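Reproduced below: start_2.tsv, with TSV, C-alpha atoms.
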```tsv
chain	number	residue	atom	x	y	z
A	18	MET	CA	6.19	-63.68	-69.00
A	19	ARG	CA	3.64	-62.88	-66.31
A	20	VAL	CA	5.55	-64.99	-63.81
A	21	ASN	CA	8.80	-63.18	-64.58
A	22	LYS	CA	7.08	-59.81	-64.27
A	23	LEU	CA	5.51	-60.82	-60.97
A	24	MET	CA	8.85	-62.03	-59.65
A	25	ARG	CA	10.47	-58.73	-60.62
A	26	VAL	CA	7.74	-56.79	-58.83
A	27	LEU	CA	8.00	-58.96	-55.71
A	28	GLY	CA	11.75	-58.67	-55.79
A	29	THR	CA	11.52	-54.89	-55.96
A	30	VAL	CA	9.07	-54.79	-53.03
A	31	MET	CA	11.22	-57.12	-50.95
A	32	LEU	CA	14.36	-55.12	-51.70
A	33	ALA	CA	12.61	-51.87	-50.77
A	34	SER	CA	11.31	-53.44	-47.56
A	35	THR	CA	14.78	-54.74	-46.71
A	36	LEU	CA	16.32	-51.33	-47.28
A	37	VAL	CA	13.72	-49.65	-45.07
A	38	LEU	CA	14.24	-52.17	-42.27
A	39	ALA	CA	17.99	-51.98	-42.66
A	40	GLY	CA	17.81	-48.21	-42.56
A	41	CYS	CA	15.77	-48.30	-39.35
A	42	SER	CA	18.12	-50.82	-37.79
A	43	SER	CA	21.22	-48.91	-38.85
A	44	SER	CA	19.83	-45.64	-37.57
A	45	ALA	CA	18.87	-47.13	-34.20
A	46	ALA	CA	22.15	-48.97	-33.85
A	47	SER	CA	24.39	-46.05	-34.83
A	48	GLY	CA	22.92	-43.17	-32.90
A	49	GLY	CA	20.80	-44.32	-29.99
A	50	ASN	CA	17.93	-42.00	-29.06
A	51	LYS	CA	18.52	-38.35	-29.91
A	52	GLN	CA	17.12	-35.60	-27.76
A	53	SER	CA	14.21	-33.94	-29.56
A	54	GLY	CA	11.70	-31.27	-28.70
A	55	ASN	CA	11.86	-29.29	-25.48
A	56	THR	CA	11.83	-32.17	-22.99
A	57	ILE	CA	14.21	-34.90	-21.91
A	58	LYS	CA	12.50	-38.28	-21.78
A	59	LEU	CA	13.42	-40.31	-18.71
A	60	GLY	CA	12.16	-43.89	-18.60
A	61	GLY	CA	11.07	-45.69	-15.44
A	62	ASN	CA	11.14	-49.51	-15.53
A	63	PHE	CA	9.62	-49.98	-12.08
A	64	GLU	CA	8.54	-53.00	-10.03
A	65	LEU	CA	5.19	-51.55	-8.96
A	66	SER	CA	3.46	-54.90	-8.36
A	67	GLY	CA	4.61	-58.41	-7.59
A	68	ALA	CA	7.25	-59.70	-5.16
A	69	ALA	CA	9.61	-56.71	-5.41
A	70	ALA	CA	6.92	-54.03	-5.28
A	71	ALA	CA	8.22	-52.52	-2.04
A	72	TYR	CA	11.56	-51.81	-3.72
A	73	GLY	CA	9.93	-50.60	-6.92
A	74	GLU	CA	7.57	-48.21	-5.17
A	75	ALA	CA	10.48	-46.73	-3.23
A	76	MET	CA	12.42	-46.35	-6.50
A	77	GLN	CA	9.46	-44.62	-8.11
A	78	ASN	CA	9.13	-42.22	-5.17
A	79	GLY	CA	12.79	-41.21	-5.33
A	80	VAL	CA	12.73	-40.64	-9.09
A	81	LYS	CA	9.47	-38.65	-9.03
A	82	LEU	CA	10.73	-36.40	-6.24
A	83	ALA	CA	14.00	-35.72	-8.08
A	84	VAL	CA	12.16	-34.96	-11.34
A	85	LYS	CA	9.78	-32.63	-9.52
A	86	GLN	CA	12.65	-30.73	-7.91
A	87	ILE	CA	14.72	-30.53	-11.11
A	88	ASN	CA	11.78	-29.21	-13.12
A	89	ALA	CA	10.84	-26.74	-10.38
A	90	ASP	CA	14.41	-25.37	-10.60
A	91	GLY	CA	14.00	-24.80	-14.32
A	92	GLY	CA	15.09	-28.16	-15.63
A	93	VAL	CA	18.37	-29.60	-16.91
A	94	LYS	CA	20.88	-27.30	-18.56
A	95	VAL	CA	21.64	-28.67	-22.03
A	96	GLY	CA	24.19	-26.41	-23.60
A	97	SER	CA	22.74	-22.91	-23.58
A	98	LYS	CA	19.15	-23.76	-22.63
A	99	LYS	CA	17.25	-25.60	-19.92
A	100	MET	CA	14.91	-28.50	-20.57
A	101	LYS	CA	12.31	-30.13	-18.37
A	102	ILE	CA	12.29	-33.87	-17.70
A	103	LYS	CA	9.31	-35.96	-18.77
A	104	LEU	CA	9.04	-39.21	-16.81
A	105	ILE	CA	7.60	-42.14	-18.75
A	106	GLN	CA	7.09	-45.04	-16.36
A	107	LYS	CA	5.79	-48.57	-16.67
A	108	ASP	CA	5.19	-51.47	-14.28
A	109	ASN	CA	7.34	-54.53	-14.97
A	110	LYS	CA	5.34	-56.51	-12.37
A	111	SER	CA	8.52	-57.88	-10.75
A	112	ASP	CA	8.77	-60.26	-13.69
A	113	ASN	CA	11.98	-60.66	-15.70
A	114	SER	CA	10.21	-61.18	-19.00
A	115	SER	CA	8.02	-58.13	-18.43
A	116	ALA	CA	11.08	-56.09	-17.46
A	117	ALA	CA	12.65	-56.95	-20.82
A	118	SER	CA	9.46	-55.99	-22.68
A	119	VAL	CA	9.21	-52.70	-20.79
A	120	ALA	CA	12.84	-51.96	-21.68
A	121	THR	CA	12.07	-52.47	-25.37
A	122	ASN	CA	8.97	-50.32	-25.18
A	123	LEU	CA	10.72	-47.45	-23.40
A	124	ALA	CA	13.77	-47.51	-25.66
A	125	ASN	CA	12.14	-48.14	-29.05
A	126	THR	CA	8.56	-46.82	-28.76
A	127	SER	CA	8.82	-44.02	-26.21
A	128	LYS	CA	12.35	-43.17	-27.39
A	129	VAL	CA	13.58	-42.27	-23.91
A	130	ASN	CA	17.05	-40.81	-23.46
A	131	ALA	CA	17.89	-42.74	-20.30
A	132	VAL	CA	16.18	-45.20	-17.94
A	133	ILE	CA	16.12	-45.90	-14.21
A	134	GLY	CA	15.17	-49.46	-13.27
A	135	PRO	CA	14.61	-52.34	-12.95
A	136	ILE	CA	15.83	-52.48	-9.38
A	137	THR	CA	16.59	-56.21	-9.02
A	138	SER	CA	19.55	-58.00	-10.59
A	139	GLY	CA	17.53	-60.68	-12.38
A	140	ALA	CA	15.22	-58.18	-14.02
A	141	GLY	CA	18.18	-55.99	-14.88
A	142	LEU	CA	19.92	-58.85	-16.66
A	143	ALA	CA	16.75	-59.54	-18.63
A	144	ALA	CA	16.29	-55.90	-19.64
A	145	LEU	CA	19.93	-55.04	-20.37
A	146	PRO	CA	20.24	-56.53	-23.90
A	147	ASN	CA	17.33	-54.39	-25.07
A	148	TYR	CA	18.80	-51.21	-23.59
A	149	THR	CA	22.19	-52.03	-25.09
A	150	LYS	CA	20.77	-52.72	-28.55
A	151	ALA	CA	19.01	-49.35	-28.48
A	152	LYS	CA	22.08	-47.62	-26.98
A	153	VAL	CA	20.09	-46.20	-24.09
A	154	PRO	CA	21.87	-45.97	-20.70
A	155	TYR	CA	20.25	-47.61	-17.70
A	156	ILE	CA	20.95	-47.03	-14.01
A	157	THR	CA	19.83	-49.58	-11.44
A	158	PRO	CA	19.33	-48.36	-7.88
A	159	GLY	CA	19.40	-51.90	-6.46
A	160	GLY	CA	20.77	-54.43	-8.96
A	161	THR	CA	23.87	-55.47	-7.04
A	162	GLN	CA	24.90	-58.62	-8.93
A	163	ASP	CA	28.51	-58.17	-10.03
A	164	SER	CA	28.04	-59.53	-13.56
A	165	LEU	CA	25.42	-56.89	-14.45
A	166	THR	CA	28.04	-54.42	-15.63
A	167	VAL	CA	30.37	-57.00	-17.22
A	168	GLN	CA	30.18	-58.56	-20.67
A	169	LYS	CA	31.10	-62.22	-21.21
A	170	ASN	CA	34.44	-61.12	-22.65
A	171	GLY	CA	35.24	-59.26	-19.44
A	172	LYS	CA	34.71	-55.80	-20.87
A	173	VAL	CA	32.31	-53.30	-19.31
A	174	GLN	CA	28.68	-53.14	-20.39
A	175	PRO	CA	28.66	-49.73	-22.12
A	176	TYR	CA	25.07	-48.77	-21.21
A	177	MET	CA	24.78	-50.28	-17.73
A	178	PHE	CA	25.41	-48.27	-14.55
A	179	ARG	CA	24.59	-48.43	-10.84
A	180	SER	CA	23.91	-45.96	-8.07
A	181	CYS	CA	24.22	-48.89	-5.62
A	182	PHE	CA	27.37	-50.85	-4.84
A	183	GLU	CA	27.72	-54.42	-6.11
A	184	ASP	CA	27.40	-57.71	-4.19
A	185	SER	CA	31.11	-58.40	-3.86
A	186	TYR	CA	31.62	-54.87	-2.52
A	187	GLN	CA	29.02	-55.19	0.23
A	188	GLY	CA	29.69	-58.88	0.87
A	189	LYS	CA	33.36	-58.18	1.56
A	190	ALA	CA	32.53	-55.14	3.69
A	191	LEU	CA	30.10	-57.20	5.80
A	192	ALA	CA	32.62	-60.03	6.24
A	193	LYS	CA	35.25	-57.56	7.44
A	194	TYR	CA	32.80	-55.91	9.82
A	195	VAL	CA	31.68	-59.22	11.35
A	196	TYR	CA	35.26	-60.35	11.92
A	197	ASN	CA	37.00	-57.07	12.79
A	198	ASN	CA	34.28	-54.95	14.43
A	199	MET	CA	31.94	-57.54	15.93
A	200	LYS	CA	34.86	-59.87	16.74
A	201	LEU	CA	32.90	-62.94	15.62
A	202	LYS	CA	34.90	-65.89	14.34
A	203	LYS	CA	32.33	-68.58	13.48
A	204	VAL	CA	29.45	-67.96	11.09
A	205	ALA	CA	26.65	-70.17	9.77
A	206	ILE	CA	25.10	-69.27	6.41
A	207	LEU	CA	21.43	-69.70	5.50
A	208	GLY	CA	21.12	-68.43	1.94
A	209	ASP	CA	18.66	-68.19	-0.92
A	210	LYS	CA	19.80	-70.66	-3.61
A	211	SER	CA	17.33	-69.36	-6.20
A	212	THR	CA	18.73	-65.86	-6.82
A	213	ASP	CA	22.01	-64.67	-8.31
A	214	TYR	CA	21.92	-61.89	-5.71
A	215	ALA	CA	22.19	-64.31	-2.78
A	216	GLN	CA	24.72	-66.53	-4.54
A	217	GLY	CA	26.97	-63.55	-5.22
A	218	LEU	CA	26.79	-62.37	-1.62
A	219	THR	CA	27.56	-65.85	-0.30
A	220	LYS	CA	30.59	-66.19	-2.54
A	221	ALA	CA	31.96	-62.74	-1.64
A	222	PHE	CA	31.41	-63.23	2.10
A	223	LYS	CA	33.11	-66.64	2.13
A	224	LYS	CA	36.06	-65.31	0.16
A	225	GLN	CA	36.64	-62.37	2.52
A	226	PHE	CA	35.70	-63.81	5.94
A	227	LYS	CA	38.82	-64.66	7.92
A	228	GLY	CA	36.95	-66.79	10.44
A	229	GLN	CA	35.22	-70.16	9.97
A	230	VAL	CA	32.00	-70.85	8.08
A	231	VAL	CA	30.69	-73.75	10.16
A	232	SER	CA	27.67	-74.60	8.02
A	233	THR	CA	25.97	-73.51	4.79
A	234	GLN	CA	22.26	-74.26	4.31
A	235	TYR	CA	20.01	-73.15	1.46
A	236	TYR	CA	16.37	-72.22	1.03
A	237	GLN	CA	14.25	-71.30	-1.99
A	238	ALA	CA	12.64	-67.91	-2.61
A	239	GLY	CA	9.00	-68.17	-1.55
A	240	ASP	CA	9.66	-70.65	1.27
A	241	LYS	CA	7.71	-70.01	4.46
A	242	ASP	CA	8.88	-72.66	6.94
A	243	PHE	CA	12.56	-72.55	7.91
A	244	ASN	CA	12.34	-74.52	11.15
A	245	THR	CA	14.04	-77.66	9.79
A	246	LEU	CA	17.01	-75.69	8.45
A	247	LEU	CA	17.27	-73.64	11.62
A	248	ALA	CA	17.15	-76.79	13.75
A	249	LYS	CA	20.17	-78.11	11.83
A	250	LEU	CA	22.03	-74.87	12.48
A	251	LYS	CA	21.07	-74.72	16.15
A	252	SER	CA	23.19	-77.77	16.90
A	253	LYS	CA	26.28	-76.07	15.45
A	254	ASP	CA	28.76	-73.88	17.30
A	255	PHE	CA	28.44	-70.45	15.69
A	256	ASP	CA	28.60	-66.77	16.63
A	257	ALA	CA	26.23	-65.39	13.98
A	258	ILE	CA	24.00	-66.39	11.07
A	259	PHE	CA	24.53	-64.74	7.71
A	260	VAL	CA	21.31	-64.63	5.66
A	261	PRO	CA	21.95	-63.48	2.06
A	262	GLY	CA	18.44	-62.90	0.72
A	263	TYR	CA	15.49	-60.55	0.58
A	264	TYR	CA	13.33	-59.22	3.43
A	265	SER	CA	10.34	-61.43	2.58
A	266	GLU	CA	12.13	-64.65	3.57
A	267	ALA	CA	14.66	-63.04	5.92
A	268	GLY	CA	11.86	-61.64	8.11
A	269	LEU	CA	10.44	-65.15	8.56
A	270	ILE	CA	13.90	-66.58	9.26
A	271	VAL	CA	14.47	-63.99	11.98
A	272	LYS	CA	11.05	-64.68	13.51
A	273	GLN	CA	11.41	-68.47	13.51
A	274	ALA	CA	15.03	-68.36	14.71
A	275	ARG	CA	14.13	-66.23	17.72
A	276	GLN	CA	11.11	-68.40	18.51
A	277	MET	CA	13.44	-71.41	18.46
A	278	GLY	CA	15.78	-69.78	20.95
A	279	ILE	CA	18.52	-68.82	18.50
A	280	ASN	CA	19.62	-65.44	19.83
A	281	GLN	CA	22.95	-64.95	18.08
A	282	PRO	CA	23.29	-61.97	15.71
A	283	ILE	CA	21.66	-62.36	12.30
A	284	VAL	CA	23.45	-60.41	9.59
A	285	GLY	CA	22.39	-59.63	6.05
A	286	ALA	CA	22.90	-57.32	3.10
A	287	ASP	CA	20.79	-54.60	1.53
A	288	GLY	CA	17.92	-57.04	0.91
A	289	PHE	CA	17.12	-56.48	4.61
A	290	ALA	CA	16.76	-52.72	4.07
A	291	ASP	CA	12.99	-52.45	4.08
A	292	PRO	CA	10.57	-51.74	6.97
A	293	LYS	CA	8.69	-54.92	6.06
A	294	LEU	CA	11.55	-56.98	7.52
A	295	VAL	CA	10.58	-55.87	11.03
A	296	LYS	CA	6.88	-56.12	10.24
A	297	ILE	CA	7.29	-59.76	9.19
A	298	ALA	CA	9.68	-60.71	11.98
A	299	GLY	CA	7.90	-58.80	14.76
A	300	LYS	CA	9.55	-56.03	16.76
A	301	LYS	CA	10.59	-58.21	19.68
A	302	ASN	CA	12.20	-60.78	17.40
A	303	ALA	CA	13.99	-58.17	15.28
A	304	THR	CA	16.83	-57.79	17.75
A	305	ASN	CA	20.56	-58.18	17.23
A	306	ILE	CA	20.11	-57.70	13.47
A	307	TYR	CA	22.88	-56.19	11.32
A	308	TYR	CA	22.79	-55.42	7.62
A	309	THR	CA	24.61	-53.45	4.95
A	310	THR	CA	22.84	-50.52	3.38
A	311	HIS	CA	23.56	-47.64	1.04
A	312	PHE	CA	21.74	-44.91	2.92
A	313	ASP	CA	20.81	-44.28	6.53
A	314	ALA	CA	19.55	-41.28	8.46
A	315	LYS	CA	22.01	-41.92	11.30
A	316	ALA	CA	25.05	-42.17	9.01
A	317	ASN	CA	24.17	-39.86	6.09
A	318	THR	CA	24.20	-36.56	7.94
A	319	ASN	CA	25.48	-34.19	5.24
A	320	ALA	CA	23.37	-31.18	4.28
A	321	LYS	CA	22.21	-32.73	1.01
A	322	ALA	CA	20.98	-35.89	2.74
A	323	THR	CA	19.26	-33.90	5.48
A	324	ALA	CA	17.45	-31.74	2.89
A	325	TYR	CA	16.42	-34.84	0.98
A	326	MET	CA	14.95	-36.55	4.03
A	327	LYS	CA	12.96	-33.42	4.88
A	328	ALA	CA	11.64	-33.12	1.31
A	329	TYR	CA	10.78	-36.81	1.12
A	330	LYS	CA	8.83	-36.66	4.38
A	331	ALA	CA	6.92	-33.61	3.16
A	332	GLU	CA	6.11	-35.25	-0.18
A	333	TYR	CA	5.18	-38.77	0.93
A	334	HIS	CA	4.45	-38.42	4.68
A	335	GLN	CA	6.91	-41.19	5.54
A	336	GLU	CA	10.60	-41.52	6.28
A	337	ALA	CA	13.08	-41.75	3.43
A	338	GLY	CA	14.78	-45.10	2.93
A	339	THR	CA	17.56	-46.82	1.06
A	340	PHE	CA	16.08	-47.47	-2.36
A	341	ASP	CA	14.24	-44.19	-2.79
A	342	ALA	CA	17.50	-42.39	-1.96
A	343	LEU	CA	19.44	-44.49	-4.48
A	344	ALA	CA	16.84	-43.77	-7.17
A	345	TYR	CA	16.92	-40.07	-6.31
A	346	ASP	CA	20.70	-40.08	-6.73
A	347	ALA	CA	20.38	-41.98	-10.02
A	348	THR	CA	18.14	-39.24	-11.41
A	349	TYR	CA	20.60	-36.52	-10.47
A	350	MET	CA	23.49	-38.59	-11.86
A	351	ILE	CA	21.73	-38.50	-15.23
A	352	LYS	CA	21.20	-34.75	-14.86
A	353	ASP	CA	24.92	-34.25	-14.18
A	354	ALA	CA	25.89	-36.46	-17.12
A	355	ILE	CA	23.69	-34.42	-19.48
A	356	GLU	CA	25.01	-31.10	-18.23
A	357	ASN	CA	28.64	-32.23	-18.35
A	358	GLU	CA	28.28	-33.50	-21.93
A	359	LYS	CA	26.00	-30.60	-22.99
A	360	SER	CA	23.73	-33.15	-24.65
A	361	ALA	CA	20.72	-35.30	-23.80
A	362	ASP	CA	21.38	-37.81	-26.60
A	363	SER	CA	21.35	-41.28	-25.07
A	364	THR	CA	24.91	-42.13	-26.16
A	365	LYS	CA	26.22	-38.86	-24.75
A	366	ILE	CA	24.48	-39.51	-21.42
A	367	ALA	CA	26.24	-42.89	-21.27
A	368	THR	CA	29.56	-41.15	-21.86
A	369	GLY	CA	28.81	-38.62	-19.15
A	370	LEU	CA	27.87	-41.30	-16.64
A	371	SER	CA	31.08	-43.23	-17.33
A	372	LYS	CA	33.11	-40.12	-16.47
A	373	LEU	CA	31.19	-39.16	-13.32
A	374	LYS	CA	33.58	-38.28	-10.48
A	375	ASN	CA	32.98	-36.99	-6.96
A	376	PHE	CA	29.24	-36.68	-7.48
A	377	LYS	CA	27.72	-35.40	-4.25
A	378	GLY	CA	24.65	-37.53	-3.70
A	379	VAL	CA	22.38	-38.04	-0.73
A	380	THR	CA	23.85	-41.56	-0.32
A	381	GLY	CA	27.39	-40.18	-0.29
A	382	THR	CA	30.10	-39.10	-2.69
A	383	ILE	CA	30.08	-41.26	-5.82
A	384	SER	CA	32.76	-41.85	-8.43
A	385	ILE	CA	32.04	-44.31	-11.25
A	386	ASP	CA	34.88	-46.77	-11.81
A	387	LYS	CA	35.94	-48.39	-15.09
A	388	MET	CA	33.35	-51.16	-14.64
A	389	HIS	CA	30.56	-48.59	-14.11
A	390	ASN	CA	30.24	-49.30	-10.39
A	391	PRO	CA	30.10	-46.49	-7.80
A	392	GLN	CA	32.93	-46.21	-5.32
A	393	LYS	CA	31.26	-45.13	-2.10
A	394	GLN	CA	30.91	-45.93	1.59
A	395	VAL	CA	29.05	-48.96	2.96
A	396	ILE	CA	26.84	-48.49	6.01
A	397	ILE	CA	26.19	-51.20	8.60
A	398	ALA	CA	22.90	-50.72	10.46
A	399	LYS	CA	22.03	-52.41	13.76
A	400	VAL	CA	18.42	-53.16	14.75
A	401	VAL	CA	17.25	-53.81	18.33
A	402	ASN	CA	13.60	-54.48	19.23
A	403	GLY	CA	12.52	-53.47	15.75
A	404	GLU	CA	14.22	-50.08	15.91
A	405	GLU	CA	17.49	-49.03	14.37
A	406	GLN	CA	19.94	-48.46	17.18
A	407	SER	CA	23.04	-47.39	15.25
A	408	ALA	CA	24.60	-47.05	11.81
A	409	THR	CA	28.31	-47.19	11.05
A	410	ALA	CA	30.01	-46.15	7.81
A	411	VAL	CA	32.79	-48.52	6.75
A	412	LYS	CA	35.08	-48.80	3.73
```

Re-express the file's structure as structure tokens.
Amino acid sequence: MRVNKLMRVLGTVMLASTLVLAGCSSSAASGGNKQSGNTIKLGGNFELSGAAAAYGEAMQNGVKLAVKQINADGGVKVGSKKMKIKLIQKDNKSDNSSAASVATNLANTSKVNAVIGPITSGAGLAALPNYTKAKVPYITPGGTQDSLTVQKNGKVQPYMFRSCFEDSYQGKALAKYVYNNMKLKKVAILGDKSTDYAQGLTKAFKKQFKGQVVSTQYYQAGDKDFNTLLAKLKSKDFDAIFVPGYYSEAGLIVKQARQMGINQPIVGADGFADPKLVKIAGKKNATNIYYTTHFDAKANTNAKATAYMKAYKAEYHQEAGTFDALAYDATYMIKDAIENEKSADSTKIATGLSKLKNFKGVTGTISIDKMHNPQKQVIIAKVVNGEEQSATAVK
């Protein structure tokens, strides 16, 4: 008798607990995060320490400047009233696992309406399932890996967006530029085998390049000595070296290649787009360097870009760069999505972002395609003696 009564009580408690949990799960799954109160919560999943800190700090700067300007102008128009943006930011420490945890915290605990960051592809892939489960849209200013916005079944990731172009987009543009504009027919590749970013760039470049890839060598992220690999390449007949990777290793490759007497052009993608590349390589060695980028003072000369660069310099006492500009645009893309949908609910923001067309950003005019990638211009920058000499916009 007592056992039966106890079992009935336990059963009732368990059923009640199950219903509560199911209710929470159903509510979160069905509606995403609703806008509440008088502020719009914007999450920041930033790499503020660790290997990608330079990118993350730039991202943070761009977002904070945009939020400051939007709030100073009265906020975001949501239907008939204006709301201020509250930025809730956390450091993911350039770690994929931490990026996933931060995503969960922002979406489920802080109940943000949209998120900017992480900035790298690997961290973005780690964080994406948690954003998707919570139905909170996420914009990456630097996650260029093609598969980020694509589900395994080939359909678009509904809550994943970019303000940057993807690897295949820039890899193909760079291959065309090397062959058609630079008139170079033989290229050696020295790529990072440890990142999806570098692998995607290598694949896209090889597919598009009409000339000959004479050699492909690989290094590992974190490597410091590239002399053996460069010595192998030096014996080959090539017109340029393509280095798909990040500035930390690319700067050392440039330095060691020049010290070895390899003076051919070294080309790269947006992973080169940080002042630390020149600092690591040395100004004299950083010559005959070309790389793709999303934003450049010499190429982005529209009034909006000019105003942004002036405001950034006044705010941070340094020149604006690629990733702060992309993060700045991402913030205003979210603002436009909210105003177009007349709602700051997370699911509505996702809908607004998916329909974004001819958005006038500081990095150019952006239209989001069916796979949530921006259609925009690619810029090729040229560096001589550590200084940017020119920048050319290409399709």

Please identify every residue of segment 108-208 of chain A that has at least one atom no farther than 9 Å from an atom of segment 71-74 of chain A, counting all atoms listed in the file, and for each give the shortest atom pair and the distance in Å to one decimal, arranged by chain then increasing number, as CSV.
```
residue,atom,partner,partner_atom,distance
A:Asp108,CA,A:Gly73,CA,8.8
A:Ser111,CA,A:Gly73,CA,8.3
A:Gly134,CA,A:Gly73,CA,8.3
A:Pro135,CA,A:Gly73,CA,7.8
A:Ile136,CA,A:Gly73,CA,6.7
A:Thr137,CA,A:Tyr72,CA,8.5
A:Gly159,CA,A:Tyr72,CA,8.3
```

Using only C-alpha atoms, which residues of segment 140-249 of chain A come within 12 Å of segment 51-60 of chain A, and what is the closest atom pair for each, with the distance in Å to one decimal? Give it as CSV, sorted by chain and residue number.
```
residue,atom,partner,partner_atom,distance
A:Tyr148,CA,A:Gly60,CA,11.1
A:Ala151,CA,A:Lys51,CA,11.1
A:Lys152,CA,A:Lys51,CA,10.4
A:Val153,CA,A:Lys51,CA,9.9
A:Pro154,CA,A:Gly60,CA,10.1
A:Tyr155,CA,A:Gly60,CA,8.9
A:Ile156,CA,A:Gly60,CA,10.4
A:Thr157,CA,A:Gly60,CA,11.9
```

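Note that the spacing between atom CA of Thr166 of chain A and atom CA of Ala238 of chain A amounts to 24.3 Å.
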
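The smallest atom-to-atom distance between Leu104 of chain A and any of A:Ala290, A:Ala116, A:Leu82, A:Met388, using only C-alpha atoms, is found for A:Leu82.
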
Can you build me a table of segment 154-243 of chain A residues sitting at most 7 Å from segment 341-345 of chain A, with the closest atom pair per residue and its distance in Å to one decimal, using only C-alpha atoms, sorted by chain and residue number, as JSON lines?
```
{"residue": "A:Pro158", "atom": "CA", "partner": "A:Leu343", "partner_atom": "CA", "distance": 5.2}
{"residue": "A:Ser180", "atom": "CA", "partner": "A:Leu343", "partner_atom": "CA", "distance": 5.9}
{"residue": "A:Cys181", "atom": "CA", "partner": "A:Leu343", "partner_atom": "CA", "distance": 6.6}
```

Please identify all polymer residues within 9 Å of Lys202 of chain A, counting all atoms listed in the file, omitting same-chain residues fewer than 4 positions from it, and present them as a PDB file with C-alpha atoms, in the coordinates of the input.
```pdb
ATOM      1  CA  VAL A 195      31.680 -59.220  11.350  1.00  0.00           C
ATOM      2  CA  TYR A 196      35.260 -60.350  11.920  1.00  0.00           C
ATOM      3  CA  PHE A 226      35.700 -63.810   5.940  1.00  0.00           C
ATOM      4  CA  LYS A 227      38.820 -64.660   7.920  1.00  0.00           C
ATOM      5  CA  GLY A 228      36.950 -66.790  10.440  1.00  0.00           C
ATOM      6  CA  GLN A 229      35.220 -70.160   9.970  1.00  0.00           C
ATOM      7  CA  VAL A 230      32.000 -70.850   8.080  1.00  0.00           C
ATOM      8  CA  PHE A 255      28.440 -70.450  15.690  1.00  0.00           C
ATOM      9  CA  ASP A 256      28.600 -66.770  16.630  1.00  0.00           C
ATOM     10  CA  ALA A 257      26.230 -65.390  13.980  1.00  0.00           C
TER      11      ALA A 257
END
```

Open item on the list: My list of candidates is A:Ala205, A:Val80, A:Ala398, A:Leu165. Which is closest to Gly139 of chain A when distances are computed with all atoms listed in the file?
Closed with: A:Leu165

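Shortest atom-to-atom contact with Ile385 of chain A among A:Leu373, A:Val400, A:Ile105, A:Met326: A:Leu373, counting only C-alpha atoms.
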
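Taking atom CA of Glu358 of chain A and atom CA of Tyr176 of chain A as endpoints, the distance between them is 15.6 Å.
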
Task: Spatial neighbours of Val271 of chain A, 7 Å, only C-alpha atoms, chain gap at least 2 places, as a PyMOL selection string - done: chain A and resi 267-269+273-275+298+302-303

- [ ] Give me the residues within 12 Å of Gly217 of chain A as a list in words, counting only C-alpha atoms and dropping any in the same chain fewer than 3 places off.
- [x] Ser138, Gly160, Thr161, Gln162, Asp163, Ser164, Leu165, Glu183, Asp184, Ser185, Tyr186, Gln187, Gly188, Lys189, Gly208, Asp209, Lys210, Ser211, Thr212, Asp213, Tyr214, Lys220, Ala221, Phe222, Lys223, Lys224, Pro261, Gly262 and Ala286 of chain A

Can you write just those residues out, C-alpha atoms, as a compact mmCIF listing (two decimals), keeping the file's coordinate frame?
```txt
# COMPACT_ATOMS: atom_id res chain seq x y z
CA SER A 138 19.55 -58.00 -10.59
CA GLY A 160 20.77 -54.43 -8.96
CA THR A 161 23.87 -55.47 -7.04
CA GLN A 162 24.90 -58.62 -8.93
CA ASP A 163 28.51 -58.17 -10.03
CA SER A 164 28.04 -59.53 -13.56
CA LEU A 165 25.42 -56.89 -14.45
CA GLU A 183 27.72 -54.42 -6.11
CA ASP A 184 27.40 -57.71 -4.19
CA SER A 185 31.11 -58.40 -3.86
CA TYR A 186 31.62 -54.87 -2.52
CA GLN A 187 29.02 -55.19 0.23
CA GLY A 188 29.69 -58.88 0.87
CA LYS A 189 33.36 -58.18 1.56
CA GLY A 208 21.12 -68.43 1.94
CA ASP A 209 18.66 -68.19 -0.92
CA LYS A 210 19.80 -70.66 -3.61
CA SER A 211 17.33 -69.36 -6.20
CA THR A 212 18.73 -65.86 -6.82
CA ASP A 213 22.01 -64.67 -8.31
CA TYR A 214 21.92 -61.89 -5.71
CA LYS A 220 30.59 -66.19 -2.54
CA ALA A 221 31.96 -62.74 -1.64
CA PHE A 222 31.41 -63.23 2.10
CA LYS A 223 33.11 -66.64 2.13
CA LYS A 224 36.06 -65.31 0.16
CA PRO A 261 21.95 -63.48 2.06
CA GLY A 262 18.44 -62.90 0.72
CA ALA A 286 22.90 -57.32 3.10
```

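The closest residue to Ala354 of chain A, picked from A:Leu207, A:Leu370, A:Ala408, A:Val231 and counting all atoms listed in the file, is A:Leu370.
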
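Minimum atom-to-atom distances from A:Gln174, A:Phe340, A:Gln86, A:Ile258 to Ile279 of chain A were compared using all atoms listed in the file, and the lowest value belongs to A:Ile258.
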
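The spacing separating atom CA of Thr126 of chain A from atom CA of Thr348 of chain A amounts to 21.2 Å.
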
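Distance check against Met350 of chain A using all atoms listed in the file: of A:Thr121, A:Phe63, A:Ala83, A:Lys203, the minimum falls on A:Ala83.
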